[in-house]
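Participant: Input: one structure, supplied below.
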2 protein chains.
Amino acid sequence: MRYLRTFELIEAVVRAGSIRKAAEDTNLTASALNRRIQGFEQEFGWPIFERLPRGMRLNPAGELLMQHIRLQRTDLARVQSQVADLSGERRGHISIACSQALLPYFLPEQIAIYRASHPGVTFSINVRDRAQAERDLASYSSDLALVLEPVHLVEFDVLYALPQRVHAVYPAGSPLGDTLTLRLRDCLNHRLVLPTAAYGVRNLLEHAATAIGRTLTPTIETESFDLIRHYVTQENAVGFQIPIGLKPAADAGFGHRPLAERDVRPGQLLLGQMKGRALPVASAKFGQQLVAALETLAAQ
Amino acid sequence: MRYLRTFELIEAVVRAGSIRKAAEDTNLTASALNRRIQGFEQEFGWPIFERLPRGMRLNPAGELLMQHIRLQRTDLARVQSQVADLSGERRGHISIACSQALLPYFLPEQIAIYRASHPGVTFSINVRDRAQAERDLASYSSDLALVLEPVHLVEFDVLYALPQRVHAVYPAGSPLGDTLTLRLRDCLNHRLVLPTAAYGVRNLLEHAATAIGRTLTPTIETESFDLIRHYVTQENAVGFQIPIGLKPAADAGFGHRPLAERDVRPGQLLLGQMKGRALPVASAKFGQQLVAALETLAAQ
DNA sequence: TACAATCGGTGCAAAAAACGCATCACTCGG
DNA sequence: CCGAGTGATGCGTTTTTTGCACCGATTGTA
């Protein structure tokens, strides 16, 4: 869009940090770019950049303007998506920020279902921890977020909430598979493979451990849920996951069971979008499909 | 803003209904305007106007685009207001859609209070019935709405709800002022001065009348609450109002009392904004002041 | 039926805006 | 003190936008 050119140039300067670098990226001369920025600031009424000896940086007014630019861009995308939809075209792009637990089974399946009926739609899957996912929504870089136990919940519109008990993952044949109910204290006597503090599961476990006067001393701390799942088969250890990332039947080599609810409270797996934002048609429809899928999971 | 010029021109064409008329309004040639519209449609990817023998009319895609244009414009105004605010300037414009009942006392007083500390802020007071007020919010032509018993309540974010009993207004010396509690059936034996069906008070009364098997047969039906208040002193008649539009002490020539709650349920006077919209600084602050003022009214 | 008054669309030249080049003033690190 | 980096500016050139004259089509009216 031609009339958005000024905004693109402003964003380029923000990214590059200086007019001259941004000029290269945008195939313009530094002088031309400089004058467009100056011209915009004059129209806007206030400077939006700080001029530093080493380049340009947004000032507070510029930060506010950037929010507007992002909103404006995504809202235009929404309109174009809706127009395409009423023209009968089924195109679009869906961007999701999600927890790792959704990667192995849930999301691939849901995306395949959606694309079967809407082959023109493309996807971006952004793996984000809880805080990052919310920032993604706020900056319009993701349309939907599907995360365990988000942090702030301001600017976050909950579309569906699915309770998820924390499951322990242990090697096949472990005594943890034998007890009537699985208690947290039994797990803590084993070697622990835990996600880092950025993740909801770790958060839930920390609270639960504190409540019974224990501390978590992980043998392995990792950001990869995949590693957690597979490491327990290498060394006799216990990992923790939410069931949506685990097959109903035990995988080869390891088993998993929910921890007692009185020990570890279930977490909330939340599907949400940015508060008050009107999503593009494709994203909104996919969101509805996810809600339906989560509902059937909850009914099981 | 220069880069908004295309949008202004599109709006001008929508208003004028033809390119040639819009060209006069915008001090342009019809040919130049024509080519800008065509150029935009090409960039946008779809036509936004229907070409009729008598002029231009928005097609569905154009309607969607107009929503975007309005959002974009008001969001820019919000940003500029916020920037002005962080620059220490206290300027801005506040647009309110409100019921007539707010005009005599409540709003003038609140506006005066606000302007005493923010003399740079200007106001638009748009008198609207219940449905119009909500449309005003949805089209961004008002920032805040203060109305009795709104109709849809979709896209409407309630900031505060104040219960308002329906008061009867009668001439001084009327027997209606003497009874212990004022019943609806007593009022219906007098001549009635009622607002039209668009207003919440009429709606509440219609329901109440139906409940006791009566129908309302007004002697005078009007859209002016002012006329209702004053007519009862001319002919021995009964009017109805909500107390926020009436002075606590009886005015010269007429008195007013609440109807029994078991006869007529109290209406909700709602202060609200469009759902999910970030208001300009001035409007948001004035909204907070209104909430505080309504709270003290409720406490009385 | 003829005609005037609309309407949107288009070719072409003039006016306006944007751009590229060369250059200045300034800051910073070595 | 010097070179490499920054943003800003004057000026000639290029690109874009605009105005004018005109076309074809439709509609209401004499």
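Order determines the names: the first chain of the structure tokens is A, the second B, and so forth; residues in each chain are numbered 1 upward, and ligands are numbered 1 upward as they are shown.
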Give me, as a list in words, the contact residues of chain D against chain B at a cut-off of 9 Å, counting only C-alpha atoms (C1' of nucleotides).
Facilitator: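 Those within range of chain B come out as DT17, DT18, DG19, DA25, DT26 and DT27 of chain D.
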Participant: Taking 5 positions as the minimum chain separation for residues in the same chain, which residues sit within 10 Å of D:DG28 when counting only C-alpha atoms (C1' of nucleotides)? Answer as a ChimeraX atom specification.
Facilitator: /C:4-6
Participant: I'd like the contact shell of B:Pro218 - 9 Å cut-off, only C-alpha atoms (C1' of nucleotides), skipping same-chain residues fewer than 5 positions apart - returned as a list in words.
Facilitator: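 Non-adjacent residues within range: Arg191, Leu192, Val193 and Leu194 of chain B.
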Participant: Residues of chain C were defined as contacting chain A if any atom lay at most 9 Å from it, counting only C-alpha atoms (C1' of nucleotides); please report them as a PyMOL selection string.
Facilitator: chain C and resi 18-20+26-28
Participant: Could you write out that same residue set with N, CA and C atoms (P, O5', C5', C4', C3', O3' and C1' of nucleotides) as a PDB file, in the first residue's frame?
Facilitator:
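Result written to part_6.pdb:
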ATOM      1  P    DA C  18       5.939  14.599  -0.971  1.00  0.00           P
ATOM      2  O5'  DA C  18       7.076  13.751  -1.709  1.00  0.00           O
ATOM      3  C5'  DA C  18       6.688  12.802  -2.689  1.00  0.00           C
ATOM      4  C4'  DA C  18       7.920  12.238  -3.368  1.00  0.00           C
ATOM      5  C3'  DA C  18       9.019  11.782  -2.410  1.00  0.00           C
ATOM      6  O3'  DA C  18       9.435  10.482  -2.776  1.00  0.00           O
ATOM      7  C1'  DA C  18       9.907  13.250  -4.040  1.00  0.00           C
ATOM      8  P    DC C  19      10.532   9.727  -1.926  1.00  0.00           P
ATOM      9  O5'  DC C  19      11.856   9.949  -2.777  1.00  0.00           O
ATOM     10  C5'  DC C  19      11.849   9.594  -4.161  1.00  0.00           C
ATOM     11  C4'  DC C  19      13.142  10.047  -4.811  1.00  0.00           C
ATOM     12  C3'  DC C  19      14.408   9.672  -4.045  1.00  0.00           C
ATOM     13  O3'  DC C  19      15.134   8.725  -4.791  1.00  0.00           O
ATOM     14  C1'  DC C  19      14.484  11.905  -4.904  1.00  0.00           C
ATOM     15  P    DG C  20      16.399   8.005  -4.171  1.00  0.00           P
ATOM     16  O5'  DG C  20      17.639   8.745  -4.847  1.00  0.00           O
ATOM     17  C5'  DG C  20      17.650   8.977  -6.248  1.00  0.00           C
ATOM     18  C4'  DG C  20      18.933   9.670  -6.667  1.00  0.00           C
ATOM     19  C3'  DG C  20      20.189   9.245  -5.915  1.00  0.00           C
ATOM     20  O3'  DG C  20      21.274   9.193  -6.832  1.00  0.00           O
ATOM     21  C1'  DG C  20      19.802  11.559  -5.561  1.00  0.00           C
ATOM     22  P    DC C  26      28.917  22.751  14.423  1.00  0.00           P
ATOM     23  O5'  DC C  26      28.840  21.288  15.053  1.00  0.00           O
ATOM     24  C5'  DC C  26      27.555  20.686  15.266  1.00  0.00           C
ATOM     25  C4'  DC C  26      27.733  19.209  15.552  1.00  0.00           C
ATOM     26  C3'  DC C  26      28.749  18.884  16.646  1.00  0.00           C
ATOM     27  O3'  DC C  26      28.061  18.539  17.840  1.00  0.00           O
ATOM     28  C1'  DC C  26      28.838  17.355  14.796  1.00  0.00           C
ATOM     29  P    DT C  27      28.902  18.195  19.193  1.00  0.00           P
ATOM     30  O5'  DT C  27      29.109  16.629  19.121  1.00  0.00           O
ATOM     31  C5'  DT C  27      27.977  15.766  19.001  1.00  0.00           C
ATOM     32  C4'  DT C  27      28.436  14.317  18.983  1.00  0.00           C
ATOM     33  C3'  DT C  27      29.405  13.935  20.102  1.00  0.00           C
ATOM     34  O3'  DT C  27      28.973  12.706  20.670  1.00  0.00           O
ATOM     35  C1'  DT C  27      30.315  13.336  18.000  1.00  0.00           C
ATOM     36  P    DC C  28      29.545  12.214  22.069  1.00  0.00           P
ATOM     37  O5'  DC C  28      30.489  11.004  21.635  1.00  0.00           O
ATOM     38  C5'  DC C  28      29.950   9.964  20.818  1.00  0.00           C
ATOM     39  C4'  DC C  28      31.075   9.140  20.234  1.00  0.00           C
ATOM     40  C3'  DC C  28      32.161   8.727  21.237  1.00  0.00           C
ATOM     41  O3'  DC C  28      32.313   7.325  21.217  1.00  0.00           O
ATOM     42  C1'  DC C  28      33.120   9.615  19.256  1.00  0.00           C
TER      43       DC C  28
END
Participant: At a cut-off of 12 Å, list the chain A residues touching chain B, using only C-alpha atoms, as a compact mmCIF listing (two decimals) with N, CA and C atoms, in the first residue's frame.
Facilitator:
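And here's out06.txt as it stands now:
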# COMPACT_ATOMS: atom_id res chain seq x y z
N MET A 1 0.84 -1.20 0.00
CA MET A 1 0.00 0.00 0.00
C MET A 1 0.87 1.25 0.00
N ARG A 2 0.65 2.05 -0.99
CA ARG A 2 1.50 3.22 -1.19
C ARG A 2 1.44 4.18 0.00
N TYR A 3 0.21 4.41 0.49
CA TYR A 3 0.07 5.44 1.52
C TYR A 3 0.65 4.99 2.86
N LEU A 4 1.02 3.73 2.96
CA LEU A 4 1.64 3.24 4.19
C LEU A 4 3.16 3.36 4.14
N ARG A 5 3.66 3.87 3.01
CA ARG A 5 5.10 3.91 2.80
C ARG A 5 5.82 4.62 3.96
N THR A 6 5.29 5.75 4.38
CA THR A 6 5.94 6.50 5.45
C THR A 6 6.09 5.65 6.70
N PHE A 7 5.05 4.89 7.01
CA PHE A 7 5.10 4.04 8.19
C PHE A 7 6.15 2.95 8.03
N ARG A 36 11.75 12.54 4.66
CA ARG A 36 10.42 11.98 4.91
C ARG A 36 10.14 11.92 6.40
N GLY A 39 9.53 15.42 7.53
CA GLY A 39 8.22 15.85 7.07
C GLY A 39 7.11 15.25 7.91
N PHE A 40 7.25 13.96 8.23
CA PHE A 40 6.21 13.34 9.04
C PHE A 40 6.15 13.97 10.43
N GLU A 41 7.30 14.18 11.02
CA GLU A 41 7.31 14.75 12.37
C GLU A 41 6.64 16.12 12.37
N GLN A 42 6.86 16.88 11.30
CA GLN A 42 6.24 18.20 11.24
C GLN A 42 4.72 18.07 11.15
N GLU A 43 4.26 17.15 10.29
CA GLU A 43 2.82 16.94 10.18
C GLU A 43 2.23 16.44 11.49
N PHE A 44 2.98 15.50 12.10
CA PHE A 44 2.48 14.86 13.31
C PHE A 44 2.42 15.87 14.45
N GLY A 45 3.33 16.83 14.42
CA GLY A 45 3.29 17.87 15.43
C GLY A 45 4.38 17.75 16.48
N TRP A 46 4.95 16.54 16.61
CA TRP A 46 6.01 16.35 17.58
C TRP A 46 7.10 15.47 16.98
N PRO A 47 8.34 15.61 17.43
CA PRO A 47 9.37 14.67 17.01
C PRO A 47 9.04 13.28 17.52
N ILE A 48 9.36 12.28 16.75
CA ILE A 48 9.13 10.91 17.21
C ILE A 48 10.45 10.18 17.43
N ASN A 59 11.48 8.22 20.69
CA ASN A 59 11.17 8.85 21.97
C ASN A 59 9.80 8.35 22.44
N PRO A 60 9.34 8.75 23.62
CA PRO A 60 8.03 8.24 24.09
C PRO A 60 6.90 8.46 23.10
N ALA A 61 6.89 9.63 22.46
CA ALA A 61 5.84 9.88 21.47
C ALA A 61 5.93 8.87 20.33
N GLY A 62 7.17 8.56 19.95
CA GLY A 62 7.36 7.59 18.88
C GLY A 62 6.87 6.20 19.28
N GLU A 63 7.09 5.85 20.54
CA GLU A 63 6.61 4.55 21.01
C GLU A 63 5.09 4.48 20.88
N LEU A 64 4.43 5.55 21.27
CA LEU A 64 2.97 5.58 21.14
C LEU A 64 2.57 5.47 19.67
N LEU A 65 3.29 6.17 18.81
CA LEU A 65 2.96 6.12 17.39
C LEU A 65 3.13 4.70 16.85
N MET A 66 4.16 4.01 17.32
CA MET A 66 4.39 2.65 16.82
C MET A 66 3.20 1.74 17.13
N GLN A 67 2.61 1.92 18.31
CA GLN A 67 1.41 1.14 18.61
C GLN A 67 0.34 1.40 17.56
N HIS A 68 0.18 2.68 17.23
CA HIS A 68 -0.83 3.03 16.23
C HIS A 68 -0.51 2.40 14.89
N ILE A 69 0.76 2.45 14.52
CA ILE A 69 1.16 1.89 13.22
C ILE A 69 0.85 0.40 13.18
N ARG A 70 1.19 -0.30 14.25
CA ARG A 70 0.94 -1.74 14.27
C ARG A 70 -0.55 -2.03 14.21
N LEU A 71 -1.33 -1.30 14.99
CA LEU A 71 -2.78 -1.50 14.97
C LEU A 71 -3.32 -1.24 13.57
N GLN A 72 -2.87 -0.15 13.00
CA GLN A 72 -3.37 0.25 11.69
C GLN A 72 -3.08 -0.84 10.66
N ARG A 73 -1.86 -1.37 10.71
CA ARG A 73 -1.47 -2.38 9.73
C ARG A 73 -2.30 -3.66 9.89
N THR A 74 -2.46 -4.11 11.12
CA THR A 74 -3.19 -5.36 11.31
C THR A 74 -4.67 -5.17 11.04
N ASP A 75 -5.19 -3.97 11.33
CA ASP A 75 -6.60 -3.76 11.05
C ASP A 75 -6.85 -3.73 9.56
N LEU A 76 -5.91 -3.18 8.81
CA LEU A 76 -6.04 -3.21 7.35
C LEU A 76 -6.02 -4.65 6.85
N ALA A 77 -5.14 -5.45 7.44
CA ALA A 77 -5.09 -6.87 7.06
C ALA A 77 -6.42 -7.54 7.35
N ARG A 78 -7.02 -7.17 8.48
CA ARG A 78 -8.32 -7.74 8.83
C ARG A 78 -9.35 -7.38 7.77
N VAL A 79 -9.39 -6.12 7.38
CA VAL A 79 -10.36 -5.68 6.38
C VAL A 79 -10.13 -6.43 5.07
N GLN A 80 -8.88 -6.52 4.66
CA GLN A 80 -8.62 -7.21 3.40
C GLN A 80 -9.02 -8.68 3.49
N SER A 81 -8.78 -9.25 4.65
CA SER A 81 -9.20 -10.64 4.84
C SER A 81 -10.71 -10.77 4.74
N GLN A 82 -11.43 -9.83 5.36
CA GLN A 82 -12.89 -9.90 5.31
C GLN A 82 -13.39 -9.67 3.90
N VAL A 83 -12.75 -8.75 3.19
CA VAL A 83 -13.16 -8.49 1.81
C VAL A 83 -12.93 -9.73 0.96
N ALA A 84 -11.75 -10.34 1.15
CA ALA A 84 -11.47 -11.57 0.41
C ALA A 84 -12.52 -12.62 0.73
N ASP A 85 -12.92 -12.65 1.98
CA ASP A 85 -13.90 -13.65 2.40
C ASP A 85 -15.24 -13.42 1.73
N LEU A 86 -15.66 -12.17 1.64
CA LEU A 86 -16.97 -11.94 1.00
C LEU A 86 -16.89 -12.04 -0.50
N SER A 87 -15.68 -12.05 -1.03
CA SER A 87 -15.53 -12.33 -2.46
C SER A 87 -15.49 -13.82 -2.72
N GLU A 155 -5.10 -7.08 28.82
CA GLU A 155 -5.06 -7.04 27.36
C GLU A 155 -5.23 -8.43 26.76
N PHE A 156 -5.69 -9.40 27.60
CA PHE A 156 -5.80 -10.77 27.13
C PHE A 156 -7.27 -11.19 27.23
N ASP A 157 -7.84 -11.52 26.09
CA ASP A 157 -9.23 -11.94 26.04
C ASP A 157 -9.27 -13.47 26.00
N MET A 274 -5.80 -10.77 21.74
CA MET A 274 -5.65 -9.47 22.35
C MET A 274 -7.01 -8.86 22.57
N LYS A 275 -7.15 -8.24 23.73
CA LYS A 275 -8.44 -7.69 24.14
C LYS A 275 -8.92 -6.64 23.14
N GLY A 276 -10.15 -6.82 22.73
CA GLY A 276 -10.77 -5.80 21.91
C GLY A 276 -10.37 -5.82 20.44
N ARG A 277 -9.49 -6.75 20.07
CA ARG A 277 -9.05 -6.76 18.69
C ARG A 277 -9.99 -7.59 17.83
N ALA A 278 -10.31 -7.07 16.64
CA ALA A 278 -11.11 -7.83 15.69
C ALA A 278 -10.14 -8.63 14.83
Participant: So how many Å separate atom CA of A:Pro163 and atom CA of A:Pro280, to one decimal?
Facilitator: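 If I compute the distance from atom CA of A:Pro163 to atom CA of A:Pro280, I get 27.6 Å.
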Participant: Write down as a ChimeraX atom specification the residues belonging to stretch 68-213 of chain B that are assigned strand (DSSP E or B) by DSSP computed on the backbone.
Facilitator: /B:91-98,120-127,144-148,156-164,167-171,182,191-195
Participant: Take the residues just selected and output them with C-alpha atoms as a PDB file, in the first residue's frame.
Facilitator:
ATOM      1  CA  ARG B  91      -5.794  19.669  25.276  1.00  0.00           C
ATOM      2  CA  GLY B  92      -8.264  17.483  23.521  1.00  0.00           C
ATOM      3  CA  HIS B  93     -11.868  17.112  22.536  1.00  0.00           C
ATOM      4  CA  ILE B  94     -14.520  15.051  24.250  1.00  0.00           C
ATOM      5  CA  SER B  95     -17.620  13.855  22.454  1.00  0.00           C
ATOM      6  CA  ILE B  96     -20.553  12.515  24.473  1.00  0.00           C
ATOM      7  CA  ALA B  97     -23.805  10.934  23.373  1.00  0.00           C
ATOM      8  CA  CYS B  98     -26.358  11.355  26.147  1.00  0.00           C
ATOM      9  CA  GLY B 120      -7.862  23.471  26.888  1.00  0.00           C
ATOM     10  CA  VAL B 121     -10.430  20.718  26.475  1.00  0.00           C
ATOM     11  CA  THR B 122     -13.507  21.212  24.304  1.00  0.00           C
ATOM     12  CA  PHE B 123     -16.771  19.257  24.283  1.00  0.00           C
ATOM     13  CA  SER B 124     -19.428  17.997  21.898  1.00  0.00           C
ATOM     14  CA  ILE B 125     -22.738  17.064  23.518  1.00  0.00           C
ATOM     15  CA  ASN B 126     -24.846  14.928  21.188  1.00  0.00           C
ATOM     16  CA  VAL B 127     -28.391  14.354  22.391  1.00  0.00           C
ATOM     17  CA  LEU B 144     -18.715   8.197  25.739  1.00  0.00           C
ATOM     18  CA  ALA B 145     -22.425   7.483  26.061  1.00  0.00           C
ATOM     19  CA  LEU B 146     -24.609   8.190  29.073  1.00  0.00           C
ATOM     20  CA  VAL B 147     -28.052   6.789  28.417  1.00  0.00           C
ATOM     21  CA  LEU B 148     -31.003   5.187  30.163  1.00  0.00           C
ATOM     22  CA  PHE B 156     -20.911  -1.515  24.695  1.00  0.00           C
ATOM     23  CA  ASP B 157     -18.508  -1.434  27.621  1.00  0.00           C
ATOM     24  CA  VAL B 158     -20.311  -0.396  30.807  1.00  0.00           C
ATOM     25  CA  LEU B 159     -18.181   1.941  32.916  1.00  0.00           C
ATOM     26  CA  TYR B 160     -20.865   2.556  35.532  1.00  0.00           C
ATOM     27  CA  ALA B 161     -24.523   1.722  36.079  1.00  0.00           C
ATOM     28  CA  LEU B 162     -26.741   3.949  38.198  1.00  0.00           C
ATOM     29  CA  PRO B 163     -30.258   2.751  39.046  1.00  0.00           C
ATOM     30  CA  GLN B 164     -32.857   5.444  38.394  1.00  0.00           C
ATOM     31  CA  HIS B 167     -40.448   9.931  38.984  1.00  0.00           C
ATOM     32  CA  ALA B 168     -43.846  11.405  38.337  1.00  0.00           C
ATOM     33  CA  VAL B 169     -43.916  15.145  37.716  1.00  0.00           C
ATOM     34  CA  TYR B 170     -47.139  16.922  38.644  1.00  0.00           C
ATOM     35  CA  PRO B 171     -48.311  20.487  39.212  1.00  0.00           C
ATOM     36  CA  LEU B 182     -47.110   6.978  44.785  1.00  0.00           C
ATOM     37  CA  ARG B 191     -53.766  13.330  31.696  1.00  0.00           C
ATOM     38  CA  LEU B 192     -50.417  11.921  30.617  1.00  0.00           C
ATOM     39  CA  VAL B 193     -47.447  13.700  29.054  1.00  0.00           C
ATOM     40  CA  LEU B 194     -45.083  11.002  27.813  1.00  0.00           C
ATOM     41  CA  PRO B 195     -41.856  10.731  25.848  1.00  0.00           C
TER      42      PRO B 195
END
Participant: Identify, on the basis of only C-alpha atoms (C1' of nucleotides), every residue whose closest approach to A:Ala198 does not exceed 8 Å; exclude the query and any residue fewer than 2 positions from it along the same chain; express the result as a count of residues only.
Facilitator: 8
Participant: If you count only C-alpha atoms (C1' of nucleotides), which residues fall within 10 Å of C:DC12, apart from same-chain ones fewer than 2 positions away, as a list in words?
Facilitator: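 With the cut-off at 10 Å, the set is DT10 and DA14 of chain C; DC20 and DA21 of chain D.
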Participant: Just write the chosen residues, C-alpha atoms (C1' of nucleotides), as a tab-separated table (two decimals), in the first residue's frame.
Facilitator:
chain	number	residue	atom	x	y	z
C	10	DT	C1'	-8.89	9.17	-20.40
C	14	DA	C1'	1.94	21.72	-16.58
D	20	DC	C1'	-7.86	20.96	-18.93
D	21	DA	C1'	-10.31	19.34	-22.76
Participant: Mind checking which residues fall within 10 Å of B:Ile228, counting only C-alpha atoms (C1' of nucleotides), ignoring those fewer than 2 positions away in the same chain, and posting them as a count of residues only?
Facilitator: 22
Participant: Rounded to one decimal in Å, what is the spacing between atom CA of A:Leu294 and atom CA of A:Ala282?
Facilitator: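 Taking atom CA of A:Leu294 and atom CA of A:Ala282, their separation equals 18.3 Å.
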